>>> print(open('target-v1.cif').read())   # mmCIF, C-alpha atoms, pLDDT in the B column; chains and numbers go by the auth columns
data_run
loop_
_atom_site.group_PDB
_atom_site.id
_atom_site.type_symbol
_atom_site.label_atom_id
_atom_site.label_comp_id
_atom_site.label_asym_id
_atom_site.label_seq_id
_atom_site.Cartn_x
_atom_site.Cartn_y
_atom_site.Cartn_z
_atom_site.B_iso_or_equiv
_atom_site.auth_seq_id
_atom_site.auth_asym_id
ATOM 1 C CA MET A 1 -4.540 -53.418 -69.645 41.00 1 A
ATOM 2 C CA GLY A 2 -5.427 -54.261 -66.016 38.00 2 A
ATOM 3 C CA LEU A 3 -6.906 -51.781 -63.578 40.00 3 A
ATOM 4 C CA ALA A 4 -3.714 -51.576 -61.531 36.00 4 A
ATOM 5 C CA THR A 5 -1.803 -50.447 -64.600 37.00 5 A
ATOM 6 C CA LEU A 6 -4.629 -48.113 -65.512 45.00 6 A
ATOM 7 C CA GLY A 7 -4.589 -46.540 -62.067 44.00 7 A
ATOM 8 C CA LEU A 8 -0.847 -46.026 -62.181 36.00 8 A
ATOM 9 C CA LEU A 9 -1.036 -44.397 -65.597 41.00 9 A
ATOM 10 C CA ALA A 10 -4.007 -42.237 -64.836 42.00 10 A
ATOM 11 C CA VAL A 11 -3.675 -40.968 -61.331 42.00 11 A
ATOM 12 C CA ALA A 12 -0.376 -41.861 -59.695 37.00 12 A
ATOM 13 C CA ALA A 13 1.011 -38.369 -59.304 35.00 13 A
ATOM 14 C CA THR A 14 -1.606 -35.704 -59.062 37.00 14 A
ATOM 15 C CA SER A 15 -5.212 -34.833 -59.799 39.00 15 A
ATOM 16 C CA ALA A 16 -6.126 -34.824 -63.479 37.00 16 A
ATOM 17 C CA PHE A 17 -7.726 -31.442 -63.199 38.00 17 A
ATOM 18 C CA VAL A 18 -5.748 -28.490 -61.879 34.00 18 A
ATOM 19 C CA THR A 19 -7.571 -25.512 -60.407 32.00 19 A
ATOM 20 C CA VAL A 20 -6.319 -21.948 -60.554 30.00 20 A
ATOM 21 C CA ALA A 21 -4.444 -20.905 -57.438 32.00 21 A
ATOM 22 C CA VAL A 22 -6.002 -18.165 -55.370 33.00 22 A
ATOM 23 C CA GLY A 23 -3.759 -15.165 -55.763 36.00 23 A
ATOM 24 C CA ARG A 24 -3.678 -11.820 -54.067 34.00 24 A
ATOM 25 C CA PRO A 25 -5.597 -9.126 -55.894 33.00 25 A
ATOM 26 C CA ASP A 26 -3.650 -6.635 -57.930 36.00 26 A
ATOM 27 C CA PRO A 27 -2.832 -3.494 -55.968 37.00 27 A
ATOM 28 C CA ARG A 28 -5.257 -0.690 -56.605 35.00 28 A
ATOM 29 C CA PRO A 29 -3.793 2.226 -58.576 38.00 29 A
ATOM 30 C CA ALA A 30 -3.037 5.392 -56.634 39.00 30 A
ATOM 31 C CA PRO A 31 -5.814 7.966 -56.955 37.00 31 A
ATOM 32 C CA ALA A 32 -5.179 10.763 -59.405 40.00 32 A
ATOM 33 C CA ALA A 33 -4.494 14.205 -57.972 39.00 33 A
ATOM 34 C CA ALA A 34 -7.568 16.449 -57.715 38.00 34 A
ATOM 35 C CA PRO A 35 -7.731 19.083 -60.473 39.00 35 A
ATOM 36 C CA ALA A 36 -7.020 22.672 -59.506 39.00 36 A
ATOM 37 C CA VAL A 37 -10.102 24.755 -58.695 36.00 37 A
ATOM 38 C CA PRO A 38 -10.656 27.424 -61.400 40.00 38 A
ATOM 39 C CA THR A 39 -10.681 31.023 -60.319 40.00 39 A
ATOM 40 C CA THR A 40 -13.792 31.752 -62.374 40.00 40 A
ATOM 41 C CA THR A 41 -16.968 29.749 -62.817 38.00 41 A
ATOM 42 C CA THR A 42 -19.390 29.455 -65.686 39.00 42 A
ATOM 43 C CA ALA A 43 -22.898 28.101 -65.659 40.00 43 A
ATOM 44 C CA THR A 44 -23.277 24.789 -67.448 41.00 44 A
ATOM 45 C CA VAL A 45 -26.288 22.675 -68.248 43.00 45 A
ATOM 46 C CA PRO A 46 -26.011 19.254 -66.582 43.00 46 A
ATOM 47 C CA PRO A 47 -26.143 16.364 -69.028 44.00 47 A
ATOM 48 C CA ALA A 48 -29.375 14.454 -69.227 46.00 48 A
ATOM 49 C CA GLU A 49 -29.418 11.299 -67.150 42.00 49 A
ATOM 50 C CA PRO A 50 -29.540 8.103 -69.189 44.00 50 A
ATOM 51 C CA ALA A 51 -32.860 6.327 -69.251 45.00 51 A
ATOM 52 C CA PRO A 52 -32.988 3.371 -66.862 40.00 52 A
ATOM 53 C CA THR A 53 -32.700 -0.045 -68.439 37.00 53 A
ATOM 54 C CA ALA A 54 -34.590 -3.081 -67.268 38.00 54 A
ATOM 55 C CA SER A 55 -32.425 -5.747 -65.644 35.00 55 A
ATOM 56 C CA VAL A 56 -32.238 -8.982 -67.579 38.00 56 A
ATOM 57 C CA PRO A 57 -32.614 -12.081 -65.390 44.00 57 A
ATOM 58 C CA ALA A 58 -30.072 -14.845 -65.770 47.00 58 A
ATOM 59 C CA PRO A 59 -31.365 -17.578 -68.076 52.00 59 A
ATOM 60 C CA ALA A 60 -32.658 -20.670 -66.319 63.00 60 A
ATOM 61 C CA SER A 61 -30.551 -23.784 -66.681 75.00 61 A
ATOM 62 C CA THR A 62 -31.756 -26.300 -69.232 83.00 62 A
ATOM 63 C CA VAL A 63 -29.462 -29.055 -67.958 87.00 63 A
ATOM 64 C CA ARG A 64 -31.472 -32.061 -66.808 91.00 64 A
ATOM 65 C CA GLY A 65 -30.770 -35.453 -65.267 94.00 65 A
ATOM 66 C CA THR A 66 -32.380 -38.259 -63.287 94.00 66 A
ATOM 67 C CA VAL A 67 -31.075 -40.794 -60.785 94.00 67 A
ATOM 68 C CA SER A 68 -32.525 -44.187 -59.913 94.00 68 A
ATOM 69 C CA ASN A 69 -30.878 -46.967 -57.901 93.00 69 A
ATOM 70 C CA GLY A 70 -27.461 -45.374 -58.321 95.00 70 A
ATOM 71 C CA ARG A 71 -27.763 -44.942 -62.091 96.00 71 A
ATOM 72 C CA HIS A 72 -27.364 -41.362 -63.302 97.00 72 A
ATOM 73 C CA ASP A 73 -29.003 -40.593 -66.641 96.00 73 A
ATOM 74 C CA GLY A 74 -29.105 -37.370 -68.644 96.00 74 A
ATOM 75 C CA ASP A 75 -26.569 -34.556 -68.735 97.00 75 A
ATOM 76 C CA LEU A 76 -23.776 -35.317 -66.282 97.00 76 A
ATOM 77 C CA ARG A 77 -23.413 -31.594 -65.528 97.00 77 A
ATOM 78 C CA PHE A 78 -26.777 -31.776 -63.735 96.00 78 A
ATOM 79 C CA PHE A 79 -25.105 -33.825 -60.990 97.00 79 A
ATOM 80 C CA LEU A 80 -22.315 -31.338 -60.264 97.00 80 A
ATOM 81 C CA LEU A 81 -22.838 -30.004 -56.766 95.00 81 A
ATOM 82 C CA PRO A 82 -24.714 -26.673 -57.026 94.00 82 A
ATOM 83 C CA ILE A 83 -22.619 -23.594 -56.341 95.00 83 A
ATOM 84 C CA PRO A 84 -23.342 -22.295 -52.827 93.00 84 A
ATOM 85 C CA GLU A 85 -25.118 -18.965 -52.449 93.00 85 A
ATOM 86 C CA GLY A 86 -22.691 -16.134 -53.081 94.00 86 A
ATOM 87 C CA GLY A 87 -20.193 -18.353 -54.895 95.00 87 A
ATOM 88 C CA GLU A 88 -18.771 -17.288 -58.253 95.00 88 A
ATOM 89 C CA SER A 89 -18.455 -19.720 -61.152 96.00 89 A
ATOM 90 C CA TYR A 90 -15.403 -19.780 -63.382 94.00 90 A
ATOM 91 C CA GLY A 91 -16.720 -20.386 -66.863 92.00 91 A
ATOM 92 C CA PRO A 92 -20.296 -21.517 -67.613 94.00 92 A
ATOM 93 C CA ALA A 93 -22.479 -21.723 -64.509 93.00 93 A
ATOM 94 C CA ASP A 94 -23.671 -25.190 -65.560 95.00 94 A
ATOM 95 C CA GLY A 95 -20.116 -26.483 -65.772 97.00 95 A
ATOM 96 C CA ILE A 96 -18.444 -27.954 -68.847 96.00 96 A
ATOM 97 C CA PRO A 97 -18.203 -31.432 -70.369 96.00 97 A
ATOM 98 C CA VAL A 98 -14.719 -32.931 -70.386 94.00 98 A
ATOM 99 C CA THR A 99 -13.871 -34.177 -73.872 92.00 99 A
ATOM 100 C CA ASP A 100 -11.655 -37.174 -74.558 89.00 100 A
ATOM 101 C CA GLU A 101 -9.036 -34.764 -75.895 87.00 101 A
ATOM 102 C CA ASP A 102 -9.117 -32.749 -72.653 89.00 102 A
ATOM 103 C CA MET A 103 -8.874 -35.901 -70.575 86.00 103 A
ATOM 104 C CA ALA A 104 -5.966 -37.247 -72.625 83.00 104 A
ATOM 105 C CA GLU A 105 -4.066 -33.973 -72.194 81.00 105 A
ATOM 106 C CA GLN A 106 -4.511 -33.978 -68.421 76.00 106 A
ATOM 107 C CA ILE A 107 -3.942 -37.644 -67.608 74.00 107 A
ATOM 108 C CA SER A 108 -0.580 -39.326 -67.978 69.00 108 A
ATOM 109 C CA GLY A 109 -0.827 -41.799 -70.837 69.00 109 A
ATOM 110 C CA GLY A 110 -2.703 -39.687 -73.403 74.00 110 A
ATOM 111 C CA ALA A 111 -4.637 -41.601 -76.064 79.00 111 A
ATOM 112 C CA GLU A 112 -3.550 -44.946 -74.615 84.00 112 A
ATOM 113 C CA ILE A 113 -5.156 -44.208 -71.263 84.00 113 A
ATOM 114 C CA MET A 114 -8.380 -43.124 -72.970 88.00 114 A
ATOM 115 C CA THR A 115 -8.565 -46.456 -74.784 89.00 115 A
ATOM 116 C CA ALA A 116 -8.042 -48.242 -71.467 88.00 116 A
ATOM 117 C CA LEU A 117 -10.641 -46.071 -69.724 90.00 117 A
ATOM 118 C CA ARG A 118 -13.245 -46.771 -72.400 92.00 118 A
ATOM 119 C CA ALA A 119 -12.540 -50.494 -72.194 93.00 119 A
ATOM 120 C CA PHE A 120 -12.972 -50.315 -68.427 93.00 120 A
ATOM 121 C CA GLY A 121 -16.401 -48.719 -68.751 97.00 121 A
ATOM 122 C CA TYR A 122 -15.729 -44.979 -68.665 96.00 122 A
ATOM 123 C CA LYS A 123 -18.503 -43.028 -70.432 96.00 123 A
ATOM 124 C CA ASP A 124 -18.055 -39.278 -69.928 96.00 124 A
ATOM 125 C CA ALA A 125 -16.990 -36.535 -67.511 97.00 125 A
ATOM 126 C CA ALA A 126 -17.910 -32.999 -66.456 98.00 126 A
ATOM 127 C CA THR A 127 -16.276 -30.366 -64.274 97.00 127 A
ATOM 128 C CA ARG A 128 -16.875 -26.957 -62.717 97.00 128 A
ATOM 129 C CA THR A 129 -14.772 -24.570 -60.626 97.00 129 A
ATOM 130 C CA TYR A 130 -16.169 -21.897 -58.350 97.00 130 A
ATOM 131 C CA ARG A 131 -14.860 -19.421 -55.799 96.00 131 A
ATOM 132 C CA THR A 132 -16.463 -19.367 -52.360 95.00 132 A
ATOM 133 C CA LYS A 133 -18.462 -16.360 -51.174 95.00 133 A
ATOM 134 C CA ASP A 134 -15.668 -15.136 -48.903 94.00 134 A
ATOM 135 C CA GLY A 135 -13.176 -15.369 -51.780 93.00 135 A
ATOM 136 C CA LYS A 136 -10.789 -17.495 -49.729 93.00 136 A
ATOM 137 C CA ALA A 137 -11.054 -20.792 -51.606 96.00 137 A
ATOM 138 C CA GLU A 138 -11.576 -22.242 -55.049 97.00 138 A
ATOM 139 C CA VAL A 139 -13.426 -25.533 -55.383 97.00 139 A
ATOM 140 C CA THR A 140 -13.268 -27.800 -58.424 97.00 140 A
ATOM 141 C CA VAL A 141 -15.745 -30.663 -58.734 98.00 141 A
ATOM 142 C CA THR A 142 -15.119 -33.301 -61.420 97.00 142 A
ATOM 143 C CA LEU A 143 -17.438 -36.202 -62.173 98.00 143 A
ATOM 144 C CA LEU A 144 -16.601 -39.329 -64.176 97.00 144 A
ATOM 145 C CA ARG A 145 -19.469 -41.597 -65.216 98.00 145 A
ATOM 146 C CA PHE A 146 -19.006 -45.336 -65.787 98.00 146 A
ATOM 147 C CA THR A 147 -21.188 -48.101 -67.161 98.00 147 A
ATOM 148 C CA THR A 148 -21.735 -49.655 -63.718 97.00 148 A
ATOM 149 C CA ALA A 149 -21.454 -48.705 -60.058 97.00 149 A
ATOM 150 C CA ALA A 150 -18.877 -51.474 -59.553 97.00 150 A
ATOM 151 C CA ARG A 151 -16.595 -49.955 -62.195 97.00 151 A
ATOM 152 C CA ALA A 152 -16.951 -46.445 -60.741 97.00 152 A
ATOM 153 C CA GLY A 153 -16.171 -47.684 -57.242 97.00 153 A
ATOM 154 C CA GLU A 154 -13.198 -49.751 -58.337 96.00 154 A
ATOM 155 C CA PHE A 155 -11.689 -46.872 -60.287 94.00 155 A
ATOM 156 C CA ALA A 156 -12.227 -44.491 -57.362 95.00 156 A
ATOM 157 C CA ARG A 157 -10.441 -46.870 -54.999 95.00 157 A
ATOM 158 C CA SER A 158 -7.492 -47.114 -57.404 92.00 158 A
ATOM 159 C CA TYR A 159 -7.217 -43.331 -57.789 91.00 159 A
ATOM 160 C CA THR A 160 -4.191 -42.299 -55.739 91.00 160 A
ATOM 161 C CA MET A 161 -2.025 -39.196 -55.418 92.00 161 A
ATOM 162 C CA ASP A 162 1.593 -38.898 -54.351 92.00 162 A
ATOM 163 C CA LEU A 163 0.711 -36.713 -51.351 95.00 163 A
ATOM 164 C CA PRO A 164 0.104 -37.187 -47.604 96.00 164 A
ATOM 165 C CA SER A 165 -3.288 -38.712 -46.925 96.00 165 A
ATOM 166 C CA VAL A 166 -6.083 -36.990 -45.017 94.00 166 A
ATOM 167 C CA GLU A 167 -9.253 -38.428 -43.491 94.00 167 A
ATOM 168 C CA ILE A 168 -12.569 -37.519 -45.098 95.00 168 A
ATOM 169 C CA VAL A 169 -15.394 -37.218 -42.569 93.00 169 A
ATOM 170 C CA GLY A 170 -18.993 -37.729 -43.680 88.00 170 A
ATOM 171 C CA ASP A 171 -18.223 -39.752 -46.816 93.00 171 A
ATOM 172 C CA PRO A 172 -17.442 -43.350 -45.842 90.00 172 A
ATOM 173 C CA ALA A 173 -16.212 -44.396 -49.301 92.00 173 A
ATOM 174 C CA ALA A 174 -13.810 -41.469 -49.705 97.00 174 A
ATOM 175 C CA HIS A 175 -10.074 -41.035 -49.343 97.00 175 A
ATOM 176 C CA GLY A 176 -8.224 -37.738 -49.447 97.00 176 A
ATOM 177 C CA TYR A 177 -4.907 -35.974 -49.750 97.00 177 A
ATOM 178 C CA VAL A 178 -3.391 -32.712 -48.578 96.00 178 A
ATOM 179 C CA ARG A 179 -0.656 -30.482 -49.982 95.00 179 A
ATOM 180 C CA LYS A 180 0.577 -27.876 -47.529 94.00 180 A
ATOM 181 C CA PRO A 181 2.341 -24.803 -48.924 93.00 181 A
ATOM 182 C CA LYS A 182 5.977 -24.070 -48.138 91.00 182 A
ATOM 183 C CA GLN A 183 4.949 -20.610 -46.990 91.00 183 A
ATOM 184 C CA GLN A 184 1.624 -19.251 -45.760 90.00 184 A
ATOM 185 C CA ALA A 185 1.568 -16.779 -48.652 90.00 185 A
ATOM 186 C CA TYR A 186 1.464 -19.706 -51.083 93.00 186 A
ATOM 187 C CA THR A 187 -1.491 -21.882 -52.032 94.00 187 A
ATOM 188 C CA GLY A 188 -2.234 -25.207 -50.394 95.00 188 A
ATOM 189 C CA SER A 189 -4.838 -27.763 -51.403 96.00 189 A
ATOM 190 C CA THR A 190 -6.867 -30.741 -50.312 97.00 190 A
ATOM 191 C CA SER A 191 -8.384 -33.372 -52.605 97.00 191 A
ATOM 192 C CA GLY A 192 -11.038 -36.008 -52.033 97.00 192 A
ATOM 193 C CA ILE A 193 -11.987 -39.000 -54.198 98.00 193 A
ATOM 194 C CA SER A 194 -15.078 -41.165 -53.855 98.00 194 A
ATOM 195 C CA SER A 195 -17.965 -42.667 -55.814 98.00 195 A
ATOM 196 C CA GLN A 196 -21.721 -42.933 -55.604 97.00 196 A
ATOM 197 C CA GLY A 197 -23.544 -45.281 -57.922 97.00 197 A
ATOM 198 C CA ASP A 198 -22.040 -45.192 -61.409 98.00 198 A
ATOM 199 C CA VAL A 199 -20.280 -41.826 -60.844 98.00 199 A
ATOM 200 C CA GLN A 200 -16.816 -41.201 -59.423 97.00 200 A
ATOM 201 C CA TYR A 201 -16.234 -37.710 -58.047 98.00 201 A
ATOM 202 C CA ILE A 202 -13.040 -35.782 -57.395 97.00 202 A
ATOM 203 C CA ILE A 203 -13.058 -32.555 -55.380 97.00 203 A
ATOM 204 C CA ASP A 204 -10.089 -30.202 -55.143 97.00 204 A
ATOM 205 C CA VAL A 205 -10.053 -27.247 -52.736 97.00 205 A
ATOM 206 C CA ASP A 206 -7.331 -24.604 -53.125 97.00 206 A
ATOM 207 C CA MET A 207 -6.675 -21.768 -50.693 95.00 207 A
ATOM 208 C CA LYS A 208 -3.854 -19.633 -49.372 93.00 208 A
ATOM 209 C CA GLY A 209 -1.977 -21.058 -46.434 93.00 209 A
ATOM 210 C CA ASP A 210 -2.748 -24.353 -44.732 90.00 210 A
ATOM 211 C CA PRO A 211 -5.818 -25.961 -46.334 89.00 211 A
ATOM 212 C CA ASP A 212 -9.090 -26.100 -44.398 87.00 212 A
ATOM 213 C CA LYS A 213 -9.973 -29.795 -44.248 92.00 213 A
ATOM 214 C CA ALA A 214 -13.428 -28.958 -42.888 94.00 214 A
ATOM 215 C CA LEU A 215 -14.384 -27.339 -46.203 95.00 215 A
ATOM 216 C CA LEU A 216 -13.362 -30.451 -48.150 96.00 216 A
ATOM 217 C CA ASN A 217 -15.353 -32.649 -45.766 96.00 217 A
ATOM 218 C CA ASP A 218 -18.435 -30.475 -46.237 96.00 218 A
ATOM 219 C CA VAL A 219 -18.225 -30.406 -50.031 96.00 219 A
ATOM 220 C CA MET A 220 -17.596 -34.157 -50.265 97.00 220 A
ATOM 221 C CA LYS A 221 -20.627 -34.936 -48.126 96.00 221 A
ATOM 222 C CA ARG A 222 -22.886 -32.555 -50.034 96.00 222 A
ATOM 223 C CA GLN A 223 -21.718 -33.948 -53.382 97.00 223 A
ATOM 224 C CA ARG A 224 -22.465 -37.477 -52.200 96.00 224 A
ATOM 225 C CA ASP A 225 -25.952 -36.464 -51.018 95.00 225 A
ATOM 226 C CA TRP A 226 -26.612 -34.705 -54.328 96.00 226 A
ATOM 227 C CA LEU A 227 -25.644 -37.796 -56.318 97.00 227 A
ATOM 228 C CA ILE A 228 -27.897 -39.966 -54.145 95.00 228 A
ATOM 229 C CA SER A 229 -30.995 -37.783 -54.451 91.00 229 A
ATOM 230 C CA GLY A 230 -30.393 -35.643 -57.539 86.00 230 A
ATOM 231 C CA ARG A 231 -31.676 -32.607 -55.631 78.00 231 A
#
>>> encode(input="target-v1.cif", output="structure tokens")
Amino acid sequence: MGLATLGLLAVAATSAFVTVAVGRPDPRPAPAAAPAVPTTTTATVPPAEPAPTASVPAPASTVRGTVSNGRHDGDLRFFLLPIPEGGESYGPADGIPVTDEDMAEQISGGAEIMTALRAFGYKDAATRTYRTKDGKAEVTVTLLRFTTAARAGEFARSYTMDLPSVEIVGDPAAHGYVRKPKQQAYTGSTSGISSQGDVQYIIDVDMKGDPDKALLNDVMKRQRDWLISGR
């Protein structure tokens, strides 16, 4: 199966990984009415305060990886762009590996496309979604690792979406897409696709109203820098 066919099967319509739309928070319940004040009072002994408990620090990540001349070795999750300060991870903070079964369910073509991907040099994938500190956007970063940088770059160039295109600033190898909502109360999104070395990366940014292309540009650039240096 040629790459053109592979690209059409895998990524012609939409991103393979769908992030959760940012919804409005549930309305807070109305406060309960204050109880009536009793006409008589009785002395009571206040309950003993619970003993303080020591805070348990979050466990340090054990995910490790190294990069040299564009080759990324080790756990692919290590190369997911770190969550910015104040951001909130959905699921494990280190991200999650994407199994072949997960990939086949998300990409048009199922098991057939996985066979084609493996033949083309696909090795593995990892993903992570986080919410920004201000709570206004959700960012999903997905990495696909290939046997060579040439294969990663070729697959990234063939990865297209049936959406209006948008320029990506700060990442010369990238191309992007935008989906504006029909109403400002709905969720819009921007997506960027690029590669660095033997890794292709896909970034989806969802937010209410018209998407902020500046946020996508920033995340794409930082992901590229992270893949180059590994730090």
>>> residues_around(input="target-v1.cif", residues="A:Thr132", least_positions_apart="2", cutoff="9 Å", atoms="all atoms listed in the file", output="list in words")
Ile83, Pro84, Glu85, Gly86, Gly87, Glu88, Tyr130, Asp134, Gly135, Lys136, Ala137, Glu138 and Val139 of chain A
>>> residues_around(input="target-v1.cif", residues="A:Gln183", least_positions_apart="2", cutoff="10 Å", atoms="only C-alpha atoms", output="NGL selection string")
:A and (180-181 or 185-188 or 208-210)
>>> resolve_selection(input="target-v1.cif", expression="the PyMOL selection byres ((chain A and resi 169) around 12)", output="JSON, numbers by chain")
{"A": [166, 167, 168, 170, 171, 172, 173, 174, 175, 176, 192, 194, 213, 214, 215, 216, 217, 218, 219, 220, 221, 222, 224]}
>>> residues_around(input="target-v1.cif", residues="A:Pro97", least_positions_apart="3", cutoff="7 Å", atoms="only C-alpha atoms", output="NGL selection string")
:A and (125-127)
>>> closest_residue(input="target-v1.cif", among="A:Arg128, A:Asp75, A:Pro164, A:Arg145", to="A:Ala93", atoms="all atoms listed in the file")
A:Arg128
>>> closest_residue(input="target-v1.cif", among="A:Thr129, A:Ser158, A:Ser189, A:Thr142", to="A:Phe79", atoms="all atoms listed in the file")
A:Thr142
>>> resolve_selection(input="target-v1.cif", expression="the PyMOL selection byres ((chain A and resi 102) around 12)", output="list in words")
Ala16, Phe17, Ile96, Pro97, Val98, Thr99, Asp100, Glu101, Met103, Ala104, Glu105, Gln106, Ile107, Ser108, Gly110, Ala111, Met114, Asp124, Ala125, Ala126 and Thr127 of chain A
>>> resolve_selection(input="target-v1.cif", expression="the PyMOL selection byres ((chain A and resi 72) around 10)", output="list in words")
Gly65, Thr66, Val67, Ser68, Asn69, Gly70, Arg71, Asp73, Gly74, Asp75, Leu76, Phe78, Phe79, Arg145, Phe146, Thr147, Ala149, Gln196, Gly197, Asp198, Val199, Leu227, Ile228 and Gly230 of chain A
